[in-house]
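Asks: This is protein.txt, which holds compact mmCIF, C-alpha atoms:
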# COMPACT_ATOMS: atom_id res chain seq x y z
CA MET A 9 181.42 44.38 137.24
CA HIS A 10 183.37 47.61 136.98
CA PRO A 11 181.49 50.44 138.72
CA LEU A 12 181.51 52.54 135.55
CA ARG A 13 179.64 49.79 133.71
CA HIS A 14 176.43 50.49 135.60
CA PRO A 15 173.53 51.64 133.35
CA LYS A 16 173.07 54.78 135.45
CA TYR A 17 176.16 56.20 133.74
CA ALA A 18 174.40 55.81 130.39
CA ILE A 19 171.64 58.02 131.76
CA ALA A 20 174.28 60.49 132.99
CA VAL A 21 175.73 60.72 129.46
CA GLY A 22 172.24 61.46 128.10
CA LEU A 23 171.63 64.07 130.76
CA LEU A 24 174.79 65.91 129.70
CA PHE A 25 173.22 66.58 126.29
CA VAL A 26 169.92 67.51 127.88
CA LEU A 27 171.85 69.97 130.06
CA VAL A 28 173.46 71.54 126.97
CA GLY A 29 169.97 71.80 125.46
CA LEU A 30 168.72 73.44 128.64
CA VAL A 31 171.50 76.05 128.48
CA TYR A 32 170.77 76.54 124.76
CA TRP A 33 167.17 77.36 125.68
CA LEU A 34 167.79 79.25 128.91
CA VAL A 35 170.41 81.75 127.69
CA PRO A 36 168.30 83.33 124.91
CA GLU A 37 165.22 83.06 127.11
CA ILE A 38 166.87 85.10 129.86
CA GLY A 39 168.47 87.47 127.36
CA HIS A 40 165.14 87.96 125.52
CA TRP A 41 166.67 86.80 122.26
CA HIS A 42 165.15 84.45 119.70
CA VAL A 43 164.94 80.91 121.12
CA ASP A 44 165.83 78.20 118.61
CA TYR A 45 163.27 75.61 119.66
CA ALA A 46 164.31 73.22 116.88
CA GLY A 47 167.86 73.16 118.25
CA VAL A 48 166.63 72.72 121.82
CA THR A 49 164.44 69.78 120.73
CA MET A 50 167.29 68.17 118.81
CA LEU A 51 169.71 68.52 121.73
CA ALA A 52 167.21 67.13 124.23
CA THR A 53 166.43 64.09 122.07
CA LEU A 54 170.11 63.68 121.25
CA GLY A 55 170.45 63.05 124.99
CA ILE A 56 168.13 60.05 124.63
CA ALA A 57 170.06 58.77 121.62
CA MET A 58 173.42 59.20 123.35
CA ALA A 59 172.13 57.46 126.48
CA LEU A 60 171.11 54.51 124.30
CA MET A 61 174.53 54.49 122.64
CA ALA A 62 176.29 54.61 126.00
CA TYR A 63 174.05 51.76 127.16
CA VAL A 64 175.09 49.70 124.13
CA LEU A 65 178.75 50.33 124.95
CA ILE A 66 178.24 49.43 128.61
CA ALA A 67 175.94 46.45 128.19
CA GLY A 68 177.57 45.17 125.02
CA SER A 69 180.98 44.72 126.59
CA PRO A 70 181.81 41.11 127.36
CA ASN A 71 182.05 40.24 131.04
CA GLU A 72 185.34 38.39 130.92
CA MET B 5 182.82 27.77 132.62
CA THR B 6 180.01 28.50 130.21
CA THR B 7 177.43 28.02 132.94
CA ASP B 8 179.33 30.35 135.28
CA THR B 9 179.57 33.02 132.64
CA HIS B 10 175.88 32.67 131.86
CA ALA B 11 174.98 32.97 135.53
CA LEU B 12 177.12 36.10 135.82
CA THR B 13 175.43 37.54 132.77
CA THR B 14 171.89 36.89 133.90
CA GLU B 15 172.28 37.86 137.53
CA HIS B 16 174.80 40.68 137.69
CA SER B 17 175.13 42.17 134.25
CA PRO B 18 173.54 45.53 133.44
CA VAL B 19 171.61 43.72 130.72
CA ALA B 20 170.07 41.18 133.06
CA GLY B 21 166.75 40.19 131.60
CA LEU B 22 167.62 41.06 128.02
CA ALA B 23 168.70 38.43 125.54
CA HIS B 24 172.45 38.21 125.20
CA ASP B 25 175.10 35.76 124.14
CA ALA B 26 176.98 33.38 126.41
CA ARG B 27 180.03 35.67 126.82
CA GLY B 28 177.94 38.51 128.17
CA GLY B 29 176.98 41.56 126.18
CA ILE B 30 173.94 41.86 123.94
CA SER B 31 172.71 39.45 121.30
CA ASN B 32 172.94 40.64 117.71
CA PRO B 33 169.17 41.06 117.14
CA VAL B 34 168.76 43.13 120.31
CA LEU B 35 171.89 45.17 119.58
CA GLY B 36 170.66 45.83 116.04
CA MET B 37 167.27 46.91 117.32
CA ILE B 38 168.76 49.27 119.92
CA LEU B 39 170.93 50.88 117.23
CA PHE B 40 167.91 51.15 114.93
CA ILE B 41 165.80 52.68 117.70
CA THR B 42 168.58 55.19 118.38
CA SER B 43 168.46 56.32 114.75
CA GLU B 44 164.67 56.45 114.96
CA VAL B 45 164.89 58.68 118.03
CA MET B 46 166.80 61.21 115.93
CA PHE B 47 164.38 60.78 113.02
CA PHE B 48 161.41 61.71 115.21
CA ALA B 49 163.54 64.41 116.85
CA GLY B 50 163.76 66.10 113.46
CA LEU B 51 159.99 65.97 113.05
CA PHE B 52 159.36 67.30 116.55
CA ALA B 53 161.98 70.02 115.99
CA ALA B 54 160.16 71.12 112.83
CA TYR B 55 156.86 71.18 114.73
CA PHE B 56 158.23 73.24 117.64
CA ASN B 57 159.99 75.62 115.27
CA VAL B 58 156.79 76.22 113.31
CA ARG B 59 154.80 76.56 116.51
CA ALA B 60 157.24 79.03 118.10
CA ASN B 61 157.23 81.25 115.02
CA ALA B 62 153.47 81.22 114.45
CA PRO B 63 151.55 84.34 115.56
CA HIS B 64 148.74 82.12 116.94
CA TRP B 65 148.77 78.46 117.89
CA PRO B 66 146.77 76.58 116.84
CA PRO B 67 146.55 78.71 113.68
CA THR B 68 143.44 80.81 113.23
CA GLU B 69 143.84 80.96 109.45
CA PRO B 70 142.06 79.86 107.34
CA ALA B 71 139.11 80.77 109.52
CA GLU B 72 136.93 77.86 108.39
CA LEU B 73 139.53 75.37 109.64
CA ALA B 74 140.49 77.11 112.88
CA GLU B 75 137.95 75.10 114.85
CA HIS B 76 139.33 71.82 113.50
CA PHE B 77 142.92 72.87 114.21
CA ASN B 78 142.10 73.26 117.90
CA LEU B 79 142.94 69.68 118.88
CA HIS B 80 143.06 70.62 122.57
CA ALA B 81 139.28 71.05 122.58
CA GLU B 82 138.52 67.36 121.98
CA PRO B 83 141.48 65.13 122.84
CA TRP B 84 139.30 62.24 124.05
CA PHE B 85 139.47 60.02 120.99
CA ALA B 86 143.24 60.40 120.79
CA ALA B 87 143.41 59.78 124.54
CA ALA B 88 141.52 56.52 124.02
CA LEU B 89 144.04 55.55 121.32
CA THR B 90 146.82 56.37 123.79
CA VAL B 91 145.29 54.07 126.40
CA ILE B 92 145.03 51.28 123.79
CA LEU B 93 148.69 51.65 122.85
CA VAL B 94 149.86 51.79 126.47
CA ILE B 95 147.87 48.64 127.28
CA SER B 96 149.46 46.96 124.24
CA SER B 97 152.90 47.79 125.66
CA PHE B 98 151.93 46.07 128.88
CA THR B 99 150.65 42.96 127.10
CA CYS B 100 153.84 42.90 125.02
CA GLN B 101 155.91 42.98 128.22
CA PHE B 102 153.71 40.27 129.78
CA ALA B 103 154.52 38.16 126.71
CA ILE B 104 158.24 38.72 127.29
CA TRP B 105 157.99 37.73 130.92
CA ALA B 106 155.96 34.64 129.93
CA ILE B 107 158.48 33.38 127.37
CA ARG B 108 161.36 34.00 129.78
CA LYS B 109 159.61 31.52 132.09
CA ASP B 110 158.93 29.19 129.15
CA ASN B 111 155.20 29.83 129.55
CA ARG B 112 154.33 29.49 125.85
CA THR B 113 150.55 29.68 126.30
CA GLY B 114 150.75 32.99 128.11
CA PHE B 115 153.31 34.20 125.58
CA VAL B 116 151.13 33.45 122.55
CA ARG B 117 148.02 34.88 124.22
CA ASN B 118 149.71 38.17 125.15
CA ILE B 119 151.37 38.59 121.76
CA ALA B 120 148.00 37.97 120.06
CA ILE B 121 146.34 40.61 122.27
CA THR B 122 149.18 43.03 121.43
CA VAL B 123 148.67 42.49 117.69
CA ILE B 124 144.92 43.05 118.04
CA LEU B 125 145.44 46.25 120.05
CA GLY B 126 147.93 47.48 117.43
CA VAL B 127 145.40 46.89 114.66
CA VAL B 128 142.68 48.61 116.70
CA PHE B 129 144.99 51.61 117.13
CA LEU B 130 145.61 51.80 113.38
CA ILE B 131 141.89 51.56 112.58
CA GLY B 132 141.24 54.24 115.19
CA GLN B 133 143.86 56.51 113.65
CA LEU B 134 142.35 56.08 110.18
CA TYR B 135 138.92 56.92 111.62
CA ASP B 136 140.43 59.99 113.30
CA TYR B 137 141.92 61.09 109.97
CA SER B 138 138.55 60.68 108.25
CA THR B 139 136.73 62.89 110.78
CA ILE B 140 139.35 65.43 111.83
CA GLY B 141 138.26 68.04 109.30
CA PHE B 142 141.53 69.15 107.73
CA GLY B 143 143.99 67.58 105.32
CA LEU B 144 147.69 67.31 104.63
CA GLY B 145 147.63 70.37 102.38
CA ASP B 146 145.75 72.65 104.78
CA GLY B 147 148.59 74.89 105.81
CA VAL B 148 151.61 74.24 107.97
CA PHE B 149 149.47 72.85 110.80
CA GLY B 150 147.95 70.18 108.58
CA THR B 151 151.35 69.29 107.14
CA THR B 152 153.11 68.93 110.49
CA PHE B 153 150.17 67.08 112.06
CA TYR B 154 149.91 64.50 109.29
CA THR B 155 153.68 64.14 108.96
CA LEU B 156 154.13 63.46 112.67
CA THR B 157 151.14 61.18 113.15
CA GLY B 158 151.49 59.58 109.71
CA PHE B 159 155.09 58.55 110.24
CA HIS B 160 154.16 57.26 113.68
CA GLY B 161 151.27 55.29 112.17
CA ALA B 162 153.67 53.81 109.61
CA HIS B 163 155.89 52.70 112.48
CA VAL B 164 152.92 51.14 114.29
CA PHE B 165 152.07 49.33 111.04
CA GLY B 166 155.65 48.04 110.87
CA GLY B 167 155.43 46.98 114.50
CA VAL B 168 152.19 45.10 113.88
CA ILE B 169 153.86 43.23 111.01
CA MET B 170 156.82 42.35 113.25
CA LEU B 171 154.49 41.22 116.04
CA SER B 172 152.47 39.16 113.56
CA VAL B 173 155.64 37.37 112.44
CA VAL B 174 156.51 36.78 116.10
CA LEU B 175 152.98 35.45 116.71
CA TYR B 176 153.19 33.12 113.72
CA ARG B 177 156.57 31.81 114.85
CA ALA B 178 155.32 31.52 118.44
CA MET B 179 152.36 29.41 117.31
CA ALA B 180 154.84 27.23 115.40
CA GLY B 181 156.71 26.73 118.69
CA GLN B 182 159.90 28.42 117.53
CA PHE B 183 160.57 30.34 120.75
CA SER B 184 161.68 29.17 124.17
CA ALA B 185 163.11 30.66 127.34
CA ARG B 186 166.60 30.33 125.85
CA HIS B 187 165.83 31.33 122.26
CA HIS B 188 163.65 34.39 121.89
CA ASP B 189 165.95 37.20 120.73
CA ALA B 190 163.51 38.22 118.00
CA VAL B 191 160.77 38.63 120.59
CA GLU B 192 162.97 40.83 122.79
CA ALA B 193 163.94 42.98 119.79
CA THR B 194 160.32 43.34 118.63
CA SER B 195 159.23 44.22 122.15
CA LEU B 196 161.85 47.00 122.37
CA TYR B 197 160.56 48.43 119.09
CA TRP B 198 156.94 48.28 120.28
CA HIS B 199 157.77 50.09 123.54
CA PHE B 200 159.61 52.74 121.52
CA VAL B 201 156.60 53.26 119.26
CA ASP B 202 154.43 53.59 122.36
CA VAL B 203 156.71 56.20 123.93
CA VAL B 204 156.76 58.21 120.69
CA TRP B 205 152.96 58.23 120.63
CA ILE B 206 152.79 59.45 124.23
CA ALA B 207 155.17 62.29 123.26
CA LEU B 208 153.05 63.00 120.16
CA PHE B 209 149.77 62.98 122.05
CA SER B 210 151.17 65.23 124.78
CA THR B 211 152.58 67.66 122.23
CA LEU B 212 149.65 67.83 119.81
CA TYR B 213 146.66 67.45 122.13
CA ILE B 214 147.72 68.67 125.58
CA LEU B 215 150.62 71.19 125.44
For the file at hand, write its structure as C-alpha cells.
Replies:
Amino acid sequence: MHPLRHPKYAIAVGLLFVLVGLVYWLVPEIGHWHVDYAGVTMLATLGIAMALMAYVLIAGSPNE
Amino acid sequence: MTTDTHALTTEHSPVAGLAHDARGGISNPVLGMILFITSEVMFFAGLFAAYFNVRANAPHWPPTEPAELAEHFNLHAEPWFAAALTVILVISSFTCQFAIWAIRKDNRTGFVRNIAITVILGVVFLIGQLYDYSTIGFGLGDGVFGTTFYTLTGFHGAHVFGGVIMLSVVLYRAMAGQFSARHHDAVEATSLYWHFVDVVWIALFSTLYIL
C-alpha cells in the first residue's frame, strides 16, 4: 500500500478545512469584529465532508 | 489470484473490515452510502449554521421573549429526558455494530438478535421524541427558537425514522437468511447510516441542551 493511501491522510484533509474555519473565527474574534458563526460552522463541518470524500478516494482505489 | 487479492484487501487495505469488491476498493452500496452521508453532513451543517447564527445574534439565549415561553425555552434546565434518549440511541449504535461483527463471523443468530434490538431502540427513541414534543411547551411557530429547535430535531427524527425503515428491511432480509459473512453490503451501508444519525443526535443534544 502506498503510504499516502493511509486513512490518516483523509483526516488531515478534513483538518485543513477545520483549520481554515478556526482562522475564520479567530481573526474577527481577536479583532473584535462581527464573527460569522454560520460560516465557521459550515467550514468546520465541511472538514468532515472533505475527510469522507478523501477517504472514498483513498479506500476506493483498487489495490492492483 | 483472486484469493490473494482478497487477502490483501481484508488484511492490509485501509478499508479492512468494510464490505468491498474483490479488486479492492469499496462495494457500491457502501460507496453510495458514504457519498450520501457526506451530503447529509452538509445538510445538517446548514441547519446548525442557521442555529448558531440566530443564537449569536440574539440579545439573550435562550430567548426571554415571549415571557410566558421563556421557561420552556430554557432546555438546559431539564436535559434529563433528552439525555435518556441520547443513551438509547448510543446503545442502539453499539447493538448495530455488534450485529455487523456477528454477520462478519457468520453468526446469524447474534446478527438477527442485535439488529432486532437496534430496531426496537430506534422505535423507542422516536416514541420518546414524540412524547418530548407533546410536553415541551412550545411549538414550531413560537419564535425563532421554536422554529430552529423543531427544524433541527424534526429533520433528525425523520432521519431516525428512515434508519428504522432501513434496519427493518435488513431485519426482514436477515430473518429470510439473505445475509452471510461474504454478502452483507446492505447491512454495512445501513450500519454506517445509523452511526451517522447517532453522531448527529449527540451533536444536537450537546448544542441544544448543554452548550
Asks: Check every residue of chain A for an atom within 9 Å of chain B, counting all atoms listed in the file, and provide those that qualify as a ChimeraX atom specification.
Replies: /A:9,13-15,43-54,56-58,60-61,63-64,66-72
Asks: Would you list the contacts of Ile92 in chain B as a list in words, taking every protein, DNA or RNA residue within 8 Å and counting only C-alpha atoms, but skipping same-chain residues closer than 2 positions in sequence?
Replies: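 Final neighbour list, sorted by chain and number: Ala88, Leu89, Thr90, Val94, Ile95, Ser96, Leu125, Gly126, Val128 and Phe129 of chain B.
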Asks: Could you name the residues that touch Thr122 in chain B at 10 Å or less, counting all atoms listed in the file, but leaving out those on the same chain fewer than 3 positions away, as a PDB file with C-alpha atoms, keeping the file's coordinate frame?
Replies:
ATOM      1  CA  ILE B  92     145.030  51.280 123.790  1.00  0.00           C
ATOM      2  CA  LEU B  93     148.690  51.650 122.850  1.00  0.00           C
ATOM      3  CA  ILE B  95     147.870  48.640 127.280  1.00  0.00           C
ATOM      4  CA  SER B  96     149.460  46.960 124.240  1.00  0.00           C
ATOM      5  CA  SER B  97     152.900  47.790 125.660  1.00  0.00           C
ATOM      6  CA  PHE B  98     151.930  46.070 128.880  1.00  0.00           C
ATOM      7  CA  THR B  99     150.650  42.960 127.100  1.00  0.00           C
ATOM      8  CA  CYS B 100     153.840  42.900 125.020  1.00  0.00           C
ATOM      9  CA  GLN B 101     155.910  42.980 128.220  1.00  0.00           C
ATOM     10  CA  PHE B 102     153.710  40.270 129.780  1.00  0.00           C
ATOM     11  CA  ALA B 103     154.520  38.160 126.710  1.00  0.00           C
ATOM     12  CA  VAL B 116     151.130  33.450 122.550  1.00  0.00           C
ATOM     13  CA  ARG B 117     148.020  34.880 124.220  1.00  0.00           C
ATOM     14  CA  ASN B 118     149.710  38.170 125.150  1.00  0.00           C
ATOM     15  CA  ILE B 119     151.370  38.590 121.760  1.00  0.00           C
ATOM     16  CA  LEU B 125     145.440  46.250 120.050  1.00  0.00           C
ATOM     17  CA  GLY B 126     147.930  47.480 117.430  1.00  0.00           C
ATOM     18  CA  VAL B 127     145.400  46.890 114.660  1.00  0.00           C
ATOM     19  CA  VAL B 128     142.680  48.610 116.700  1.00  0.00           C
ATOM     20  CA  VAL B 168     152.190  45.100 113.880  1.00  0.00           C
ATOM     21  CA  LEU B 171     154.490  41.220 116.040  1.00  0.00           C
ATOM     22  CA  SER B 172     152.470  39.160 113.560  1.00  0.00           C
ATOM     23  CA  LEU B 175     152.980  35.450 116.710  1.00  0.00           C
ATOM     24  CA  TRP B 198     156.940  48.280 120.280  1.00  0.00           C
TER      25      TRP B 198
END
Asks: Which residues are close to Leu212 in chain B, i.e. within 8 Å by all atoms listed in the file, leaving aside same-chain residues fewer than 2 positions away? Reply as a count of residues only.
Replies: 8
Asks: Taking into account all atoms listed in the file, which residue in the set B:Val91, B:Val174, B:Ile104, B:Phe159 is nearest to Asp202 in chain B?
Replies: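 Among the listed residues, the smallest separation from Asp202 in chain B belongs to B:Val91.
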Asks: How many Å lie between CA of Phe85 in chain B and CA of Val203 in chain B, rounded to one decimal?
Replies: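 Going from CA of Phe85 in chain B over to CA of Val203 in chain B, I get 17.9 Å.
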Asks: How far is it from CA of Val21 in chain A to CA of Ala59 in chain A, in Å with one decimal?
Replies: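 Interatomic distance here is 5.7 Å.
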Asks: CA of Met37 in chain B and CA of Tyr197 in chain B are how many Å apart?
Replies: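 Between these atoms lies a distance of 7.1 Å.
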Asks: Take the point (160.7, 36.1, 125.0) in the file's coordinates, draw a sphere of radius 10 Å around it, and report as a ChimeraX atom specification every protein, DNA or RNA residue with an atom inside or on it, counting only C-alpha atoms.
Replies: /B:21-23,100-112,115,174,178,183-195
Asks: Pull C-alpha atoms from the residues just selected and write them as a PDB file, keeping the file's coordinate frame.
Replies:
ATOM      1  CA  GLY B  21     166.750  40.190 131.600  1.00  0.00           C
ATOM      2  CA  LEU B  22     167.620  41.060 128.020  1.00  0.00           C
ATOM      3  CA  ALA B  23     168.700  38.430 125.540  1.00  0.00           C
ATOM      4  CA  CYS B 100     153.840  42.900 125.020  1.00  0.00           C
ATOM      5  CA  GLN B 101     155.910  42.980 128.220  1.00  0.00           C
ATOM      6  CA  PHE B 102     153.710  40.270 129.780  1.00  0.00           C
ATOM      7  CA  ALA B 103     154.520  38.160 126.710  1.00  0.00           C
ATOM      8  CA  ILE B 104     158.240  38.720 127.290  1.00  0.00           C
ATOM      9  CA  TRP B 105     157.990  37.730 130.920  1.00  0.00           C
ATOM     10  CA  ALA B 106     155.960  34.640 129.930  1.00  0.00           C
ATOM     11  CA  ILE B 107     158.480  33.380 127.370  1.00  0.00           C
ATOM     12  CA  ARG B 108     161.360  34.000 129.780  1.00  0.00           C
ATOM     13  CA  LYS B 109     159.610  31.520 132.090  1.00  0.00           C
ATOM     14  CA  ASP B 110     158.930  29.190 129.150  1.00  0.00           C
ATOM     15  CA  ASN B 111     155.200  29.830 129.550  1.00  0.00           C
ATOM     16  CA  ARG B 112     154.330  29.490 125.850  1.00  0.00           C
ATOM     17  CA  PHE B 115     153.310  34.200 125.580  1.00  0.00           C
ATOM     18  CA  VAL B 174     156.510  36.780 116.100  1.00  0.00           C
ATOM     19  CA  ALA B 178     155.320  31.520 118.440  1.00  0.00           C
ATOM     20  CA  PHE B 183     160.570  30.340 120.750  1.00  0.00           C
ATOM     21  CA  SER B 184     161.680  29.170 124.170  1.00  0.00           C
ATOM     22  CA  ALA B 185     163.110  30.660 127.340  1.00  0.00           C
ATOM     23  CA  ARG B 186     166.600  30.330 125.850  1.00  0.00           C
ATOM     24  CA  HIS B 187     165.830  31.330 122.260  1.00  0.00           C
ATOM     25  CA  HIS B 188     163.650  34.390 121.890  1.00  0.00           C
ATOM     26  CA  ASP B 189     165.950  37.200 120.730  1.00  0.00           C
ATOM     27  CA  ALA B 190     163.510  38.220 118.000  1.00  0.00           C
ATOM     28  CA  VAL B 191     160.770  38.630 120.590  1.00  0.00           C
ATOM     29  CA  GLU B 192     162.970  40.830 122.790  1.00  0.00           C
ATOM     30  CA  ALA B 193     163.940  42.980 119.790  1.00  0.00           C
ATOM     31  CA  THR B 194     160.320  43.340 118.630  1.00  0.00           C
ATOM     32  CA  SER B 195     159.230  44.220 122.150  1.00  0.00           C
TER      33      SER B 195
END
Asks: For range 171-179 of chain B, take all atoms listed in the file, fit an axis-aligned box around them, add 3 Å to each of the six sides, then output centre and edge lengths in Å rounded to one decimal, as AutoDock Vina command-line options.
Replies:
--center_x 154.5 --center_y 35.3 --center_z 115.4 --size_x 10.2 --size_y 17.8 --size_z 12.0
